[in-house]
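Student: Following this line is run_25.cif, made up of mmCIF, C-alpha atoms:
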```cif
data_start
#
loop_
_atom_site.label_atom_id
_atom_site.label_comp_id
_atom_site.auth_asym_id
_atom_site.auth_seq_id
_atom_site.Cartn_x
_atom_site.Cartn_y
_atom_site.Cartn_z
CA MET A 265 97.77 94.11 119.19
CA HIS A 266 95.20 91.85 120.80
CA PRO A 267 91.80 92.29 119.11
CA GLY A 268 90.24 93.40 122.37
CA GLY A 269 93.21 95.06 124.00
CA TRP A 270 93.16 98.40 122.22
CA TRP A 271 90.95 99.93 124.97
CA ARG A 272 93.68 99.35 127.58
CA THR A 273 96.02 101.48 125.52
CA ALA A 274 93.26 104.03 125.00
CA TRP A 275 92.60 104.28 128.76
CA ALA A 276 96.30 104.86 129.38
CA THR A 277 96.01 108.39 127.99
CA ARG A 278 95.26 111.26 130.32
CA ARG A 279 92.35 112.38 128.17
CA SER A 280 90.57 109.00 128.34
CA ARG A 281 91.00 108.76 132.11
CA ALA A 282 89.65 112.28 132.59
CA LEU A 283 86.68 111.47 130.33
CA ASP A 284 85.78 108.35 132.33
CA VAL A 285 85.99 110.26 135.61
CA VAL A 286 83.70 112.98 134.25
CA ILE A 287 81.23 110.40 132.91
CA ALA A 288 81.19 108.46 136.21
CA VAL A 289 80.63 111.55 138.37
CA SER A 290 78.02 113.00 136.02
CA VAL A 291 76.04 109.76 135.77
CA ALA A 292 76.25 109.23 139.53
CA ALA A 293 74.85 112.70 140.20
CA ALA A 294 72.17 112.43 137.48
CA ASP A 295 70.94 109.00 138.61
CA ALA A 296 70.97 110.00 142.27
CA VAL A 297 68.82 113.05 141.60
CA LEU A 298 66.57 111.24 139.11
CA LEU A 299 65.75 108.32 141.39
CA TRP A 300 65.38 110.57 144.44
CA PHE A 301 62.46 112.34 142.80
CA THR A 302 61.06 109.36 140.89
CA PRO A 303 57.78 108.06 142.34
CA GLN A 304 58.33 104.55 143.73
CA GLN A 305 55.53 102.08 144.11
CA ASP A 306 55.78 98.95 146.25
CA PHE A 307 59.60 98.89 146.20
CA TRP A 308 61.30 97.57 149.31
CA LEU A 309 63.97 100.31 149.64
CA PRO A 310 63.26 103.98 150.44
CA PRO A 311 64.07 106.64 147.80
CA TRP A 312 67.21 107.86 149.57
CA ALA A 313 68.69 104.33 149.59
CA VAL A 314 67.90 103.81 145.90
CA SER A 315 69.44 107.21 145.17
CA ALA A 316 72.61 106.37 147.12
CA ALA A 317 72.89 103.00 145.39
CA SER A 318 72.50 104.74 142.02
CA ALA A 319 75.38 107.03 142.92
CA VAL A 320 77.52 103.95 143.67
CA VAL A 321 76.62 102.43 140.30
CA GLY A 322 77.50 105.67 138.55
CA LEU A 323 80.87 105.99 140.27
CA ALA A 324 81.69 102.39 139.37
CA LEU A 325 81.63 103.43 135.71
CA ILE A 326 85.15 104.79 136.14
CA VAL A 327 86.45 101.26 135.37
CA ARG A 328 84.18 100.74 132.37
CA ARG A 329 87.13 100.39 129.96
CA LEU A 330 89.45 98.38 132.19
CA HIS A 331 86.93 95.87 133.58
CA PRO A 332 83.77 95.98 131.43
CA VAL A 333 82.66 92.43 132.27
CA GLY A 334 83.20 92.79 136.01
CA LEU A 335 81.41 96.13 135.98
CA ALA A 336 78.48 94.61 134.11
CA VAL A 337 78.12 91.73 136.57
CA PHE A 338 78.24 94.15 139.49
CA VAL A 339 75.71 96.57 137.99
CA VAL A 340 73.27 93.82 137.00
CA ALA A 341 73.42 92.14 140.43
CA PHE A 342 73.60 95.28 142.56
CA GLY A 343 71.13 97.24 140.43
CA THR A 344 68.55 94.46 140.44
CA ALA A 345 68.78 94.09 144.22
CA THR A 346 68.63 97.81 145.00
CA GLY A 347 66.69 99.16 142.02
CA ALA A 348 69.66 101.47 141.38
CA GLY A 349 70.84 102.83 138.07
CA ALA A 350 69.07 104.17 135.04
CA ILE A 351 71.52 106.16 132.95
CA GLY A 352 74.33 104.18 134.58
CA PHE A 353 72.74 100.94 133.38
CA LEU A 354 72.69 102.25 129.80
CA VAL A 355 76.33 103.39 129.97
CA MET A 356 77.31 100.02 131.45
CA LEU A 357 75.63 98.13 128.59
CA TYR A 358 77.33 100.33 125.99
CA SER A 359 80.73 99.91 127.68
CA LEU A 360 80.28 96.15 127.94
CA ALA A 361 79.53 95.80 124.24
CA ALA A 362 82.24 98.24 123.16
CA TYR A 363 85.15 97.07 125.32
CA ALA A 364 84.56 93.41 126.20
CA ILE A 365 86.66 90.92 124.26
CA SER A 366 84.13 88.11 124.01
CA ARG A 367 80.92 88.80 122.13
CA ARG A 368 79.39 85.70 123.72
CA THR A 369 79.94 87.24 127.15
CA VAL A 370 78.25 90.45 126.01
CA VAL A 371 75.18 88.59 124.75
CA SER A 372 75.00 86.41 127.86
CA ILE A 373 75.11 89.32 130.30
CA ALA A 374 72.64 91.30 128.19
CA VAL A 375 70.18 88.36 128.20
CA VAL A 376 70.55 87.93 131.97
CA GLY A 377 69.97 91.64 132.48
CA TYR A 378 66.92 91.51 130.24
CA VAL A 379 65.39 88.58 132.14
CA LEU A 380 66.04 90.19 135.54
CA SER A 381 64.58 93.53 134.43
CA VAL A 382 61.41 91.74 133.32
CA VAL A 383 61.04 89.49 136.36
CA PHE A 384 62.05 92.02 139.00
CA PRO A 385 60.36 95.38 138.44
CA ALA A 386 62.23 98.63 138.94
CA PRO A 387 61.13 101.08 141.69
CA ALA A 388 59.09 103.18 139.24
CA SER A 389 57.41 100.31 137.37
CA GLY A 390 55.73 98.31 140.08
CA ASN A 391 52.27 98.34 138.42
CA ASP A 392 53.45 97.62 134.88
CA SER A 393 52.59 94.22 133.45
CA ILE A 394 55.25 91.73 132.45
CA GLY A 395 54.46 92.32 128.76
CA VAL A 396 55.00 96.06 129.09
CA ARG A 397 58.22 95.51 130.97
CA ALA A 398 59.39 93.00 128.35
CA ILE A 399 58.83 95.47 125.50
CA TYR A 400 60.41 98.31 127.43
CA ALA A 401 63.42 96.15 128.38
CA VAL A 402 64.08 95.24 124.73
CA ALA A 403 64.48 98.88 123.77
CA PHE A 404 66.30 99.71 126.98
CA ILE A 405 68.93 96.97 126.52
CA ALA A 406 69.16 96.42 122.76
CA VAL A 407 69.95 100.03 121.79
CA PRO A 408 73.07 100.53 123.95
CA VAL A 409 74.30 97.00 123.26
CA LEU A 410 74.03 97.37 119.48
CA LEU A 411 75.58 100.83 119.59
CA GLY A 412 78.43 99.52 121.73
CA LEU A 413 79.07 96.58 119.41
CA TYR A 414 79.20 98.91 116.43
CA MET A 415 81.57 101.35 118.11
CA GLY A 416 83.76 98.53 119.43
CA ALA A 417 84.06 96.96 115.99
CA ARG A 418 84.82 100.34 114.46
CA LYS A 419 87.53 101.13 117.00
CA GLN A 420 89.06 97.68 116.63
CA LEU A 421 89.15 98.16 112.87
CA LEU A 422 90.85 101.54 113.23
CA ALA A 423 93.32 100.06 115.72
CA SER A 424 94.13 97.16 113.40
CA LEU A 425 94.59 99.54 110.46
CA GLN A 426 96.93 101.69 112.53
CA GLU A 427 98.88 98.63 113.61
CA ARG A 428 99.07 97.43 110.02
CA ALA A 429 100.29 100.83 108.87
CA ALA A 430 102.94 100.83 111.60
CA ARG A 431 103.99 97.30 110.67
CA LEU A 432 104.24 98.23 106.99
CA GLU A 433 106.31 101.26 107.92
CA ARG A 434 108.66 99.08 109.95
CA GLU A 435 108.91 96.61 107.09
CA ARG A 436 109.63 99.45 104.69
CA HIS A 437 112.45 100.65 106.92
CA LEU A 438 113.83 97.12 107.19
CA LEU A 439 113.68 96.66 103.42
CA ALA A 440 115.38 100.02 102.92
CA GLU A 441 118.11 99.05 105.40
CA ARG A 442 118.52 95.71 103.66
CA ALA A 443 118.74 97.40 100.27
CA ARG A 444 121.33 99.85 101.60
CA GLY A 445 123.30 96.97 103.10
CA GLU A 446 123.23 95.06 99.80
CA GLU A 447 124.26 98.19 97.92
CA ARG A 448 127.15 98.79 100.32
CA THR A 449 128.23 95.18 99.83
CA ARG A 450 128.03 95.50 96.06
CA ILE A 451 130.00 98.74 96.04
CA ALA A 452 132.60 97.28 98.39
CA ARG A 453 132.92 94.29 96.06
CA GLU A 454 133.35 96.55 93.05
CA MET A 455 135.91 98.69 94.85
CA HIS A 456 137.79 95.56 95.86
CA ASP A 457 137.84 94.36 92.26
CA VAL A 458 138.98 97.72 90.93
CA VAL A 459 141.50 98.69 93.57
CA ALA A 460 142.81 95.44 95.03
CA ASN A 461 142.99 93.35 91.86
CA ARG A 462 144.21 95.99 89.45
CA ILE A 463 146.74 97.52 91.80
CA SER A 464 148.00 94.10 92.93
CA VAL A 465 148.87 93.19 89.35
CA MET A 466 150.36 96.65 88.82
CA VAL A 467 152.61 96.08 91.85
CA VAL A 468 153.76 92.78 90.31
CA HIS A 469 154.50 94.55 87.04
CA ALA A 470 156.35 97.28 88.87
CA GLY A 471 158.56 94.67 90.55
CA ALA A 472 159.28 93.07 87.19
CA LEU A 473 160.05 96.47 85.71
CA ARG A 474 162.59 97.17 88.42
CA ALA A 475 164.24 93.82 87.83
CA ILE A 476 164.66 94.19 84.05
CA ALA A 477 165.04 97.95 83.71
CA ALA A 478 168.84 97.81 83.49
CA ARG A 479 169.40 94.69 81.39
CA ASP A 480 166.41 94.79 79.00
CA PRO A 481 165.21 98.37 78.31
CA GLY A 482 162.87 97.26 75.53
CA ARG A 483 160.97 94.83 77.71
CA ALA A 484 161.00 97.39 80.52
CA ALA A 485 159.30 99.87 78.20
CA GLU A 486 156.66 97.27 77.32
CA THR A 487 156.06 96.58 81.01
CA ALA A 488 155.74 100.28 81.72
CA THR A 489 153.16 100.52 78.92
CA VAL A 490 151.21 97.63 80.46
CA ILE A 491 151.29 99.36 83.85
CA GLY A 492 149.97 102.56 82.29
CA ASP A 493 147.19 100.70 80.47
CA MET A 494 146.16 98.91 83.65
CA GLY A 495 146.20 102.18 85.58
CA ARG A 496 143.91 103.79 83.02
CA GLN A 497 141.59 100.79 83.15
CA ALA A 498 141.49 101.01 86.93
CA LEU A 499 140.69 104.71 86.75
CA ASP A 500 137.91 104.08 84.24
CA GLU A 501 136.35 101.39 86.43
CA LEU A 502 136.76 103.53 89.53
CA ARG A 503 135.12 106.45 87.74
CA HIS A 504 132.22 104.19 86.83
CA VAL A 505 131.76 103.07 90.43
CA ILE A 506 131.84 106.65 91.68
CA GLY A 507 129.39 107.63 88.94
CA VAL A 508 127.02 104.93 90.14
CA LEU A 509 127.16 106.43 93.63
CA ARG A 510 126.40 109.90 92.32
CA GLN A 511 123.93 109.33 89.50
CA GLY A 512 122.75 105.74 89.43
CA GLU A 513 123.91 102.75 87.47
CA GLU A 514 121.39 103.19 84.67
CA VAL A 515 122.86 106.61 83.85
CA LEU A 516 126.35 105.20 83.29
CA PRO A 517 126.06 102.06 81.17
CA GLN A 518 129.11 99.83 81.31
CA GLU A 519 130.66 98.13 78.32
CA ASN A 520 129.64 94.51 77.92
CA THR A 521 132.43 92.13 78.92
CA THR A 522 133.47 89.67 76.22
CA LEU A 523 135.97 86.85 75.93
CA GLU A 524 138.45 89.31 74.46
CA HIS A 525 138.50 91.15 77.78
CA VAL A 526 139.23 87.86 79.52
CA ARG A 527 142.06 87.15 77.07
CA ASP A 528 143.52 90.61 77.72
CA LEU A 529 143.28 89.96 81.45
CA VAL A 530 145.13 86.66 81.14
CA GLY A 531 147.70 88.35 78.90
CA GLN A 532 148.35 91.01 81.54
CA SER A 533 149.08 88.33 84.13
CA GLY A 534 151.33 86.57 81.65
CA ALA A 535 153.19 89.79 80.98
CA ALA A 536 153.74 90.11 84.74
CA GLY A 537 155.65 86.81 84.70
CA LEU A 538 152.88 84.37 85.58
CA ARG A 539 152.86 81.16 83.54
CA VAL A 540 149.19 81.04 82.64
CA ASP A 541 147.28 79.33 79.82
CA LEU A 542 143.73 80.10 78.69
CA THR A 543 141.53 77.42 77.14
CA VAL A 544 138.07 78.14 75.75
CA ARG A 545 135.83 75.18 74.94
CA GLY A 546 132.55 75.41 73.15
CA GLU A 547 131.05 77.86 70.70
CA GLU A 548 132.07 81.43 71.38
CA ARG A 549 129.10 83.79 71.47
CA PRO A 550 128.14 86.98 73.30
CA MET A 551 127.33 86.45 76.97
CA PRO A 552 124.67 88.35 78.93
CA PRO A 553 126.23 91.45 80.55
CA ALA A 554 125.84 90.17 84.11
CA VAL A 555 127.33 86.77 83.24
CA GLY A 556 130.17 88.33 81.27
CA ARG A 557 131.13 90.68 84.10
CA THR A 558 131.01 87.83 86.61
CA VAL A 559 133.24 85.60 84.45
CA TYR A 560 135.70 88.46 84.10
CA ARG A 561 135.73 89.20 87.84
CA LEU A 562 136.15 85.51 88.71
CA VAL A 563 139.19 85.14 86.47
CA GLN A 564 140.57 88.49 87.67
CA GLU A 565 140.23 87.63 91.36
CA ALA A 566 141.57 84.09 90.91
CA LEU A 567 144.66 85.32 89.03
CA THR A 568 145.21 88.05 91.62
CA ASN A 569 145.17 85.40 94.35
CA VAL A 570 147.76 83.41 92.41
CA HIS A 571 149.98 86.51 92.27
CA LYS A 572 149.50 87.11 95.99
CA HIS A 573 149.83 83.60 97.37
CA ALA A 574 151.33 81.23 94.78
CA GLY A 575 153.94 83.38 93.07
CA ALA A 576 155.51 81.55 90.14
CA ALA A 577 153.06 78.69 89.74
CA ASP A 578 151.77 77.17 86.53
CA THR A 579 148.17 78.31 86.16
CA ARG A 580 145.39 77.12 83.91
CA VAL A 581 142.26 79.11 83.06
CA GLU A 582 139.50 77.14 81.35
CA LEU A 583 136.16 78.42 80.11
CA VAL A 584 133.51 75.94 78.98
CA LEU A 585 130.74 77.59 76.96
CA GLN A 586 127.60 75.48 77.02
CA PRO A 587 124.14 76.34 75.65
CA GLU A 588 122.68 76.53 79.15
CA ALA A 589 125.65 77.65 81.26
CA VAL A 590 129.21 78.94 81.41
CA GLU A 591 131.74 77.04 83.49
CA VAL A 592 134.87 78.77 84.79
CA GLU A 593 137.88 76.97 86.25
CA VAL A 594 141.14 78.53 87.41
CA VAL A 595 143.70 76.08 88.76
CA ASN A 596 147.27 76.77 89.80
CA GLY A 597 149.86 74.10 90.48
CA VAL A 598 152.35 73.73 93.28
CA PRO A 599 154.21 77.03 93.75
CA VAL A 600 157.78 76.79 92.47
CA ALA A 601 158.78 79.77 94.59
CA GLY A 602 156.95 81.99 97.00
CA PRO A 603 155.56 85.36 95.92
CA GLU A 604 158.21 88.07 95.64
CA HIS A 605 155.81 90.85 96.56
CA ALA A 606 154.26 91.14 99.99
CA LEU A 607 150.80 91.98 98.74
CA PRO A 608 148.21 92.41 101.51
CA SER A 609 145.17 90.17 101.57
CA GLY A 610 141.83 91.51 102.72
CA GLY A 611 140.24 88.08 102.95
CA ASN A 612 137.22 89.17 100.87
CA GLY A 613 138.19 87.75 97.49
CA LEU A 614 136.57 84.33 97.79
CA VAL A 615 133.58 85.84 99.58
CA GLY A 616 133.06 88.33 96.76
CA MET A 617 133.35 85.63 94.11
CA ARG A 618 130.81 83.46 95.87
CA GLU A 619 128.40 86.39 96.24
CA ARG A 620 128.64 87.20 92.53
CA VAL A 621 127.99 83.62 91.47
CA THR A 622 125.13 82.93 93.89
CA ALA A 623 123.49 86.22 92.90
CA LEU A 624 123.11 84.76 89.40
CA GLY A 625 121.84 81.41 90.70
CA GLY A 626 125.08 79.57 90.03
CA GLY A 627 127.36 77.29 91.98
CA PHE A 628 130.80 78.10 93.34
CA GLU A 629 133.57 76.11 95.02
CA ALA A 630 137.17 76.82 95.87
CA GLY A 631 139.81 74.84 97.71
CA PRO A 632 143.19 73.15 97.63
CA LEU A 633 143.96 70.72 94.80
CA ASP A 634 147.12 68.60 94.49
CA GLY A 635 149.24 71.11 96.38
CA GLY A 636 147.79 74.07 94.52
CA TRP A 637 144.46 75.81 94.49
CA ALA A 638 141.35 75.53 92.34
CA VAL A 639 138.42 77.89 91.78
CA ARG A 640 135.38 76.54 89.95
CA ALA A 641 132.08 78.19 89.12
CA ARG A 642 129.05 77.42 87.00
CA LEU A 643 126.91 80.32 85.81
CA PRO A 644 123.51 79.50 84.28
CA LEU A 645 122.50 81.36 81.16
CA PRO A 646 119.00 82.78 80.80
CA ALA A 647 116.71 80.99 78.40
CA SER A 648 116.64 82.47 74.92
#
```
Would you write out, as structure tokens, the structure that this file holds?
Tutor:
Amino acid sequence: MHPGGWWRTAWATRRSRALDVVIAVSVAAADAVLLWFTPQQDFWLPPWAVSAASAVVGLALIVRRLHPVGLAVFVVAFGTATGAGAIGFLVMLYSLAAYAISRRTVVSIAVVGYVLSVVFPAPASGNDSIGVRAIYAVAFIAVPVLLGLYMGARKQLLASLQERAARLERERHLLAERARGEERTRIAREMHDVVANRISVMVVHAGALRAIAARDPGRAAETATVIGDMGRQALDELRHVIGVLRQGEEVLPQENTTLEHVRDLVGQSGAAGLRVDLTVRGEERPMPPAVGRTVYRLVQEALTNVHKHAGAADTRVELVLQPEAVEVEVVNGVPVAGPEHALPSGGNGLVGMRERVTALGGGFEAGPLDGGWAVRARLPLPAS
């Protein structure tokens, strides 16, 4: 809000308009009666004319909030010429100081009014000396001006505080909406990892089971066991996600992801018929939970994409463990044959991987490589 524009909003209310009308009519009547019966010495207008002019000045106060500067110029000029206004002059000075935007304008008009009131005597002060009029004018002008400046500053402060409170409330709502949006994105990413990735590999295993059930019962039993284990893992992860929604993540701590989990994940893809090799370079040591989960999800999503899009393609998973970072690379070669299973693609896998990596301050890239596809990520480790 403009520092001086709060009074326009205030005058827009029915109560403020009614108050200004009452003040204008009351002051007009009071000044008209007062100056009608005030003894006038050596003034050029008769009492009835001064009284009528005072009524005009009083009625003009109805615009004291909307046009305080214009009202002040009119009252000073018209009042000096006609000797009109007493209470109206005080109300005008207060309104000028309280509602005018420029403090320099307030001081300038007040000084001009002071000089004119000293030089040109009012109807009831024709015999007063200039010194008496000067002292009387100081009190007559300074009090309403100072009071108006104080009230104007106070109202502006209250208006600015209200605006600030409203702005903070809007910002709070925006932050809450942003937090809810980020939480929805995170939950959607988790659900994608649990449902899409796990079930996609389970579908591949189910296809393999159907193919070997008749000719190799032993291997079929092993595949069925793998499918059951993966189903239980998916249920556990799904239960964790649902528990987060109900109780909060801190209530349901999740097991830290280690390299053994990654090896099991690669083994599951190998058991499903994918030719995949895992290479770990560097000193193996526990990873921070967030980094470990992200490494696991990157490998999981990349292998799922190989199952979906590359089929029987030689795949290499490489983890480079450095003191300051963990590098992940999943590369598949040229597909030997297309995928046997028409697995749907939601188009969110690469987006989810990028979001996970960038959330930890890392770098991510994915794209075609020598007829195949490569996924690379670098995850910084927090300082010890």
Student: Using the chain letters and numbers from the file, which residues does the PyMOL selection byres ((chain A and resi 350) around 10) grab, as a list in words?
Tutor: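 Applying the expression gives Val291, Ala292, Ala294, Asp295, Ala296, Leu298, Leu299, Ser318, Val321, Gly322, Gly343, Gly347, Ala348, Gly349, Ile351, Gly352, Phe353, Leu354, Val355, Met356, Ala386 and Phe404 of chain A.
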Student: Considering all atoms listed in the file, can you say which of A:Val570, A:Val375, A:Ala484, A:Val584 comes closest to Ala398 (chain A)?
Tutor: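 Of all the options, A:Val375 lies closest to Ala398 (chain A).
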Student: For this file, the PyMOL selection byres ((chain A and resi 630-635) around 12) selects which residues, as a PyMOL selection string?
Tutor: chain A and resi 562+566+569+574+577-578+592-600+613-615+617-618+627-629+636-641
Student: At a cut-off of 8 Å, using all atoms listed in the file, what residues contact Pro552 (chain A)? Leave out same-chain residues fewer than 3 positions from it and give the result as JSON, numbers by chain.
Tutor: {"A": [520, 555, 556, 645]}
Student: I need the chosen residues saved as a JSON list (two decimals), keeping the file's coordinate frame, with C-alpha atoms.
Tutor:
```json
[["chain", "number", "residue", "atom", "x", "y", "z"],
["A", 520, "ASN", "CA", 129.64, 94.51, 77.92],
["A", 555, "VAL", "CA", 127.33, 86.77, 83.24],
["A", 556, "GLY", "CA", 130.17, 88.33, 81.27],
["A", 645, "LEU", "CA", 122.50, 81.36, 81.16]]
```
Student: Which residues, written as a list of chain:residue names, have at least one atom at most 10 Å from Gln532 (chain A), with all atoms listed in the file counted and residues fewer than 2 positions away on the same chain left out?
Tutor: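 The contact residues come out as A:Val465, A:Met466, A:His469, A:Thr487, A:Val490, A:Ile491, A:Asp493, A:Met494, A:Val526, A:Arg527, A:Asp528, A:Leu529, A:Val530, A:Gly534, A:Ala535, A:Ala536, A:Gly537, A:Leu538.
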Student: Determine, counting only C-alpha atoms, which protein, DNA and RNA residues have an atom within 8 Å of an atom of Val333 (chain A); residues of the same chain fewer than 2 positions away are not included. Present the result as a list in words.
Tutor: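 Neighbouring residues, sequence-local ones excluded: His331, Leu335, Ala336, Val337, Leu360, Ala364, Thr369 and Val370 of chain A.
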Student: What does the PyMOL selection byres ((chain A and resi 378) around 12) select in this file, as a PyMOL selection string?
Tutor: chain A and resi 340+344+353+357+371-377+379-385+394+397-406+409
Student: I'd like the box whose edges run along x, y and z of the file and which contains every listed atom of region 624-638 of chain A, padded by 8 Å per side; could you state its centre and edge lengths in Å, one decimal, as lines of an AutoDock Vina configuration file?
Tutor:
```
center_x = 135.5
center_y = 76.7
center_z = 93.6
size_x = 43.4
size_y = 32.2
size_z = 24.3
```
Student: Can you tell me which residues surround Val590 (chain A) at a distance of at most 6 Å, considering only C-alpha atoms, apart from same-chain residues fewer than 2 positions away, and format the answer as a PyMOL selection string?
Tutor: chain A and resi 584-586+642-643
Student: Have a look at CA of Thr568 (chain A) and CA of Thr449 (chain A) and let me know their distance in Å, one decimal.
Tutor: 20.2 Å
Student: Could you tell me which of A:Pro408, A:Pro587, A:Gly482, A:Gly575 comes closest to Gly546 (chain A) if we count all atoms listed in the file?
Tutor: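 Closest residue, counting all atoms listed in the file: A:Pro587.
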Student: Please report the interatomic distance between CA of Ala417 (chain A) and CA of Ser359 (chain A) in Å with one decimal.
Tutor: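 Answer for the CA of Ala417 (chain A) to CA of Ser359 (chain A) separation: 12.5 Å.
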Student: Would you mind reading off the distance between CA of Pro644 (chain A) and CA of Thr579 (chain A), one decimal, in Å?
Tutor: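 Going from CA of Pro644 (chain A) over to CA of Thr579 (chain A), I get 24.8 Å.
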